[in-house]
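Text of data-v3.txt, listed as compact mmCIF, C-alpha atoms:
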```
# COMPACT_ATOMS: atom_id res chain seq x y z
CA MET A 23 -20.25 29.17 -1.65
CA ALA A 24 -18.75 27.22 1.21
CA THR A 25 -19.27 28.66 4.66
CA LYS A 26 -16.52 29.26 7.16
CA ALA A 27 -17.86 26.42 9.35
CA PHE A 28 -17.79 24.01 6.39
CA LYS A 29 -14.20 24.99 5.57
CA THR A 30 -13.15 24.61 9.21
CA ASN A 31 -14.76 21.16 9.35
CA LYS A 32 -13.03 20.14 6.12
CA ILE A 33 -9.63 21.30 7.43
CA GLU A 34 -10.17 19.42 10.71
CA SER A 35 -11.23 16.30 8.80
CA ILE A 36 -8.07 16.38 6.69
CA LYS A 37 -5.91 17.03 9.78
CA GLU A 38 -7.47 14.02 11.52
CA LYS A 39 -6.77 11.81 8.51
CA LEU A 40 -3.20 13.09 8.34
CA LYS A 41 -2.61 12.18 11.99
CA GLN A 42 -3.57 8.57 11.28
CA ALA A 43 -2.02 8.28 7.82
CA GLN A 44 1.23 6.50 7.06
CA VAL A 45 1.28 7.86 3.51
CA ALA A 46 -0.46 10.69 1.65
CA ILE A 47 -0.67 10.77 -2.12
CA VAL A 48 -1.63 13.87 -4.11
CA THR A 49 -3.57 12.97 -7.22
CA GLU A 50 -5.22 14.82 -10.05
CA TYR A 51 -8.82 13.77 -10.44
CA ARG A 52 -9.64 15.71 -13.62
CA GLY A 53 -11.99 13.68 -15.81
CA PHE A 54 -13.26 11.36 -13.06
CA SER A 55 -17.00 11.07 -12.68
CA VAL A 56 -18.61 11.05 -9.24
CA GLU A 57 -19.25 7.32 -9.69
CA GLU A 58 -15.56 6.68 -10.45
CA ILE A 59 -14.43 8.70 -7.42
CA THR A 60 -16.89 6.79 -5.23
CA ASN A 61 -15.59 3.48 -6.63
CA LEU A 62 -11.99 4.56 -5.97
CA ARG A 63 -12.89 5.66 -2.44
CA ARG A 64 -14.50 2.25 -1.75
CA ARG A 65 -11.44 0.40 -3.06
CA LEU A 66 -9.18 2.46 -0.81
CA GLN A 67 -11.46 1.98 2.20
CA LYS A 68 -11.28 -1.81 1.75
CA GLU A 69 -7.51 -1.49 2.21
CA ASP A 70 -7.85 0.87 5.20
CA GLY A 71 -7.35 4.05 3.23
CA ASP A 72 -9.38 7.06 2.13
CA TYR A 73 -9.72 9.49 -0.77
CA THR A 74 -10.64 13.14 -0.24
CA VAL A 75 -11.27 15.74 -2.90
CA THR A 76 -10.41 19.15 -1.51
CA LYS A 77 -9.49 22.70 -2.35
CA ASN A 78 -5.78 23.43 -2.44
CA THR A 79 -5.97 26.23 0.12
CA LEU A 80 -7.79 24.01 2.62
CA ALA A 81 -5.28 21.21 2.09
CA LYS A 82 -2.37 23.63 2.55
CA ILE A 83 -3.82 24.85 5.83
CA ALA A 84 -4.41 21.26 7.00
CA ILE A 85 -0.87 20.04 6.22
CA LYS A 86 0.82 23.00 7.87
CA ASP A 87 3.11 21.91 10.73
CA THR A 88 2.75 18.19 9.92
CA GLN A 89 5.12 15.73 8.31
CA TYR A 90 3.07 16.15 5.12
CA GLU A 91 3.93 19.83 4.76
CA VAL A 92 6.43 18.77 2.07
CA LEU A 93 3.41 18.34 -0.24
CA ALA A 94 2.59 22.07 -0.24
CA ASP A 95 4.21 22.75 -3.64
CA ALA A 96 2.35 19.82 -5.22
CA LEU A 97 -1.06 21.23 -4.30
CA LYS A 98 -1.89 22.91 -7.61
CA GLY A 99 -4.87 22.42 -9.86
CA PRO A 100 -7.77 20.07 -9.15
CA ILE A 101 -6.34 17.69 -6.56
CA ALA A 102 -7.45 14.96 -4.21
CA LEU A 103 -5.59 13.29 -1.39
CA ALA A 104 -5.33 9.53 -0.99
CA PHE A 105 -4.41 8.29 2.47
CA GLY A 106 -3.10 4.96 3.69
CA PHE A 107 -3.73 4.33 7.37
CA LYS A 108 -2.48 0.76 7.74
CA ASP A 109 -0.18 0.20 4.81
CA GLN A 110 2.11 2.52 2.87
CA VAL A 111 2.07 0.56 -0.38
CA SER A 112 -1.55 -0.44 -1.00
CA PRO A 113 -2.91 3.11 -1.59
CA ALA A 114 -0.21 3.69 -4.21
CA LYS A 115 -1.04 0.34 -5.84
CA ILE A 116 -4.75 1.11 -5.89
CA MET A 117 -4.21 4.62 -7.28
CA ALA A 118 -1.80 3.40 -9.98
CA SER A 119 -4.12 0.59 -11.10
CA PHE A 120 -7.18 2.87 -11.04
CA ILE A 121 -5.44 5.51 -13.15
CA LYS A 122 -4.22 2.82 -15.55
CA GLU A 123 -7.73 1.34 -15.87
CA SER A 124 -9.56 4.64 -16.29
CA LYS A 125 -6.84 6.33 -18.38
CA LYS A 126 -7.63 9.55 -16.46
CA GLY A 127 -6.02 11.42 -13.63
CA ALA A 128 -2.44 11.21 -12.41
CA ILE A 129 -0.33 10.78 -9.33
CA ILE A 130 1.37 14.12 -8.70
CA ALA A 131 3.41 13.44 -5.57
CA ALA A 132 3.39 11.57 -2.27
CA ALA A 133 4.73 12.01 1.23
CA LEU A 134 6.13 9.13 3.22
CA ASP A 135 7.79 9.51 6.62
CA GLY A 136 8.12 13.26 6.10
CA LYS A 137 9.87 12.88 2.74
CA LEU A 138 8.50 14.12 -0.55
CA LEU A 139 8.23 11.51 -3.29
CA SER A 140 7.99 12.61 -6.91
CA ALA A 141 5.33 11.18 -9.20
CA ASP A 142 7.78 8.57 -10.50
CA GLU A 143 8.83 7.60 -6.99
CA ALA A 144 5.19 7.31 -5.92
CA LYS A 145 4.51 5.07 -8.91
CA ALA A 146 7.56 3.00 -7.96
CA LEU A 147 6.07 2.68 -4.47
CA ALA A 148 3.12 0.94 -6.13
CA THR A 149 5.42 -1.80 -7.44
CA LEU A 150 6.72 -2.73 -3.99
CA PRO A 151 5.26 -5.79 -2.28
CA SER A 152 2.76 -5.18 0.52
CA LYS A 153 3.58 -5.90 4.15
CA GLU A 154 1.71 -9.21 3.98
CA GLU A 155 3.74 -10.30 0.94
CA ILE A 156 6.98 -9.33 2.68
CA TYR A 157 5.95 -11.23 5.81
CA ALA A 158 5.12 -14.30 3.73
CA LYS A 159 8.51 -14.16 2.00
CA MET A 160 10.29 -13.76 5.34
CA LEU A 161 8.43 -16.73 6.80
CA GLY A 162 9.31 -18.75 3.72
CA CYS A 163 12.99 -17.89 4.23
CA ILE A 164 12.79 -18.78 7.91
CA ASN A 165 10.99 -22.07 7.21
CA SER A 166 13.25 -23.03 4.33
CA PRO A 167 16.19 -24.36 6.41
CA ALA A 168 13.84 -26.26 8.73
CA SER A 169 12.04 -27.77 5.74
CA GLY A 170 15.39 -28.73 4.22
CA ILE A 171 16.50 -30.45 7.43
CA ALA A 172 13.18 -32.30 7.67
CA ASN A 173 13.45 -33.43 4.05
CA VAL A 174 17.06 -34.63 4.49
CA THR A 175 16.18 -36.49 7.71
CA ASN A 176 13.15 -38.02 6.03
CA GLY A 177 15.30 -39.04 3.06
CA VAL A 178 17.88 -40.74 5.33
CA LEU A 179 15.17 -42.60 7.24
CA THR A 180 13.47 -43.64 4.00
CA SER A 181 16.78 -44.97 2.66
CA LEU A 182 17.39 -46.87 5.92
CA VAL A 183 13.93 -48.47 5.79
CA ARG A 184 14.45 -49.48 2.15
CA ALA A 185 17.87 -50.94 2.97
CA VAL A 186 16.46 -52.94 5.90
CA ASP A 187 13.60 -54.11 3.69
CA ALA A 188 16.07 -55.18 0.98
CA VAL A 189 18.17 -57.09 3.53
CA LYS A 190 15.00 -58.77 4.85
CA ASP A 191 14.04 -59.82 1.29
CA THR A 192 17.49 -61.29 0.64
CA LYS A 193 17.45 -63.22 3.96
CA THR A 194 14.00 -64.71 3.36
CA ALA A 195 14.80 -65.70 -0.22
```

Could you render the structure as structure tokens?
Amino acid sequence: MATKAFKTNKIESIKEKLKQAQVAIVTEYRGFSVEEITNLRRRLQKEDGDYTVTKNTLAKIAIKDTQYEVLADALKGPIALAFGFKDQVSPAKIMASFIKESKKGAIIAAALDGKLLSADEAKALATLPSKEEIYAKMLGCINSPASGIANVTNGVLTSLVRAVDAVKDTKTA
């Protein structure tokens, strides 16, 4: 039986994670072994996230008066919370791939910027590109015109050099 101090510490731990989190995902962990949960937690921690198995009542107390309060109705059954502290997409990607690999568990809901996302919307979040991918695409778009100008200028100069070389060959012949 968990003591009052343990429960208070757990609530404070969840509150602290919620303060830092950019996204919170409610998942069902039924069927996961301790080893699988540990593996999932490590994968999330590599991407600056976390995974916490908790009782529903403790989670409901922790989310009260936060932007994640919209998750209250989703806290039913054996649940765990996945948090993303740096990125909003990578925790959803990791959860979706882990569930697909293990064929156990499910994404129940997510909260992003104070809005509730259904299970389908949370899974769709997993298909979005990460911030790094978006930045790379933006830089590619920004560099594209400059690269095009450089290639055109290089092509004109190359043609000029070839023309001068051809004229030189005809004059010497």

Sorted by chain and rising residue number, list the residues of region 117-175 of chain A at most 9 Å from region 23-46 of chain A (counting all atoms listed in the file), each with its closest atom pair and distance in Å to one decimal, as CSV.
```
residue,atom,partner,partner_atom,distance
A:Ala131,CA,A:Ala46,CA,8.6
A:Ala132,CA,A:Ala46,CA,5.6
A:Ala133,CA,A:Ala46,CA,5.4
A:Leu134,CA,A:Val45,CA,5.0
A:Asp135,CA,A:Gln44,CA,7.2
```

Legend entry - Among listed residues A:Gln89, A:Ser140, A:Thr149, A:Thr76, nearest Ala118 (chain A) (using all atoms listed in the file):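 Distance minimum relative to Ala118 (chain A) lands on A:Thr149.
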
Inset, instruction - Could you please determine the separation between CA of Gln67 (chain A) and CA of Pro113 (chain A) in Å, to one decimal place? - result: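 Between CA of Gln67 (chain A) and CA of Pro113 (chain A) the gap is 9.4 Å.
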
Inset, instruction - Tell me which of A:Ala158, A:Ile116, A:Ala96, A:Ala141 sits closest to Arg64 (chain A), counting all atoms listed in the file. - result: A:Ile116

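Compared by their closest atoms to Gly136 (chain A), and using all atoms listed in the file, the residues A:Glu58, A:Ala185, A:Val75, A:Thr88 rank with A:Thr88 nearest.
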
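Going from CA of Ile130 (chain A) to CA of Lys115 (chain A) covers 14.3 Å.
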
Inset, instruction - Have a look at A:Ala146, A:Ala172, A:Ala102, A:Ile121 and name the one nearest to Tyr73 (chain A); count all atoms listed in the file. - result: A:Ala102

Inset, instruction - Could you tell me how far CA of Leu62 (chain A) lies from CA of Phe120 (chain A), in Å and to one decimal? - result: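 Computing it gives 7.2 Å between the two atoms.
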
Inset, instruction - Return the single residue from A:Ala188, A:Leu179, A:Ala94, A:Val48 that is closest to Ala144 (chain A), with distances computed using all atoms listed in the file. - result: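 Ranking A:Ala188, A:Leu179, A:Ala94, A:Val48 by distance to Ala144 (chain A), first place goes to A:Val48.
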
Would you mind completing region 119-139 of chain A to N, CA and C atoms and writing the output as a compact mmCIF listing (two decimals), in the frame of the given file?
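Resulting contents of selection.txt:
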```
# COMPACT_ATOMS: atom_id res chain seq x y z
N SER A 119 -3.27 1.48 -10.29
CA SER A 119 -4.12 0.59 -11.10
C SER A 119 -5.39 1.31 -11.55
N PHE A 120 -5.96 2.15 -10.68
CA PHE A 120 -7.18 2.87 -11.04
C PHE A 120 -6.90 3.85 -12.18
N ILE A 121 -5.79 4.55 -12.09
CA ILE A 121 -5.44 5.51 -13.15
C ILE A 121 -5.16 4.77 -14.46
N LYS A 122 -4.51 3.62 -14.36
CA LYS A 122 -4.22 2.82 -15.55
C LYS A 122 -5.51 2.31 -16.19
N GLU A 123 -6.46 1.85 -15.37
CA GLU A 123 -7.73 1.34 -15.87
C GLU A 123 -8.58 2.44 -16.50
N SER A 124 -8.67 3.58 -15.82
CA SER A 124 -9.56 4.64 -16.29
C SER A 124 -8.92 5.54 -17.35
N LYS A 125 -7.59 5.49 -17.44
CA LYS A 125 -6.84 6.33 -18.38
C LYS A 125 -7.12 7.82 -18.13
N LYS A 126 -7.40 8.16 -16.87
CA LYS A 126 -7.63 9.55 -16.46
C LYS A 126 -6.89 9.79 -15.17
N GLY A 127 -6.65 11.06 -14.88
CA GLY A 127 -6.02 11.42 -13.63
C GLY A 127 -4.53 11.11 -13.63
N ALA A 128 -3.87 11.45 -12.53
CA ALA A 128 -2.44 11.21 -12.41
C ALA A 128 -2.02 11.31 -10.95
N ILE A 129 -0.95 10.61 -10.64
CA ILE A 129 -0.33 10.78 -9.33
C ILE A 129 0.65 11.94 -9.47
N ILE A 130 0.52 12.93 -8.62
CA ILE A 130 1.37 14.12 -8.70
C ILE A 130 2.58 13.99 -7.78
N ALA A 131 2.33 13.58 -6.55
CA ALA A 131 3.41 13.44 -5.57
C ALA A 131 2.88 12.62 -4.40
N ALA A 132 3.78 12.27 -3.49
CA ALA A 132 3.39 11.57 -2.27
C ALA A 132 4.33 11.98 -1.16
N ALA A 133 3.89 11.77 0.06
CA ALA A 133 4.73 12.01 1.23
C ALA A 133 4.73 10.76 2.08
N LEU A 134 5.94 10.35 2.45
CA LEU A 134 6.13 9.13 3.22
C LEU A 134 7.20 9.40 4.26
N ASP A 135 6.85 9.26 5.52
CA ASP A 135 7.79 9.51 6.62
C ASP A 135 8.43 10.90 6.54
N GLY A 136 7.63 11.89 6.15
CA GLY A 136 8.12 13.26 6.10
C GLY A 136 8.96 13.59 4.89
N LYS A 137 9.07 12.66 3.95
CA LYS A 137 9.87 12.88 2.74
C LYS A 137 8.94 12.99 1.55
N LEU A 138 9.27 13.92 0.67
CA LEU A 138 8.50 14.12 -0.55
C LEU A 138 8.94 13.10 -1.60
N LEU A 139 7.97 12.44 -2.19
CA LEU A 139 8.23 11.51 -3.29
C LEU A 139 7.68 12.12 -4.56
```
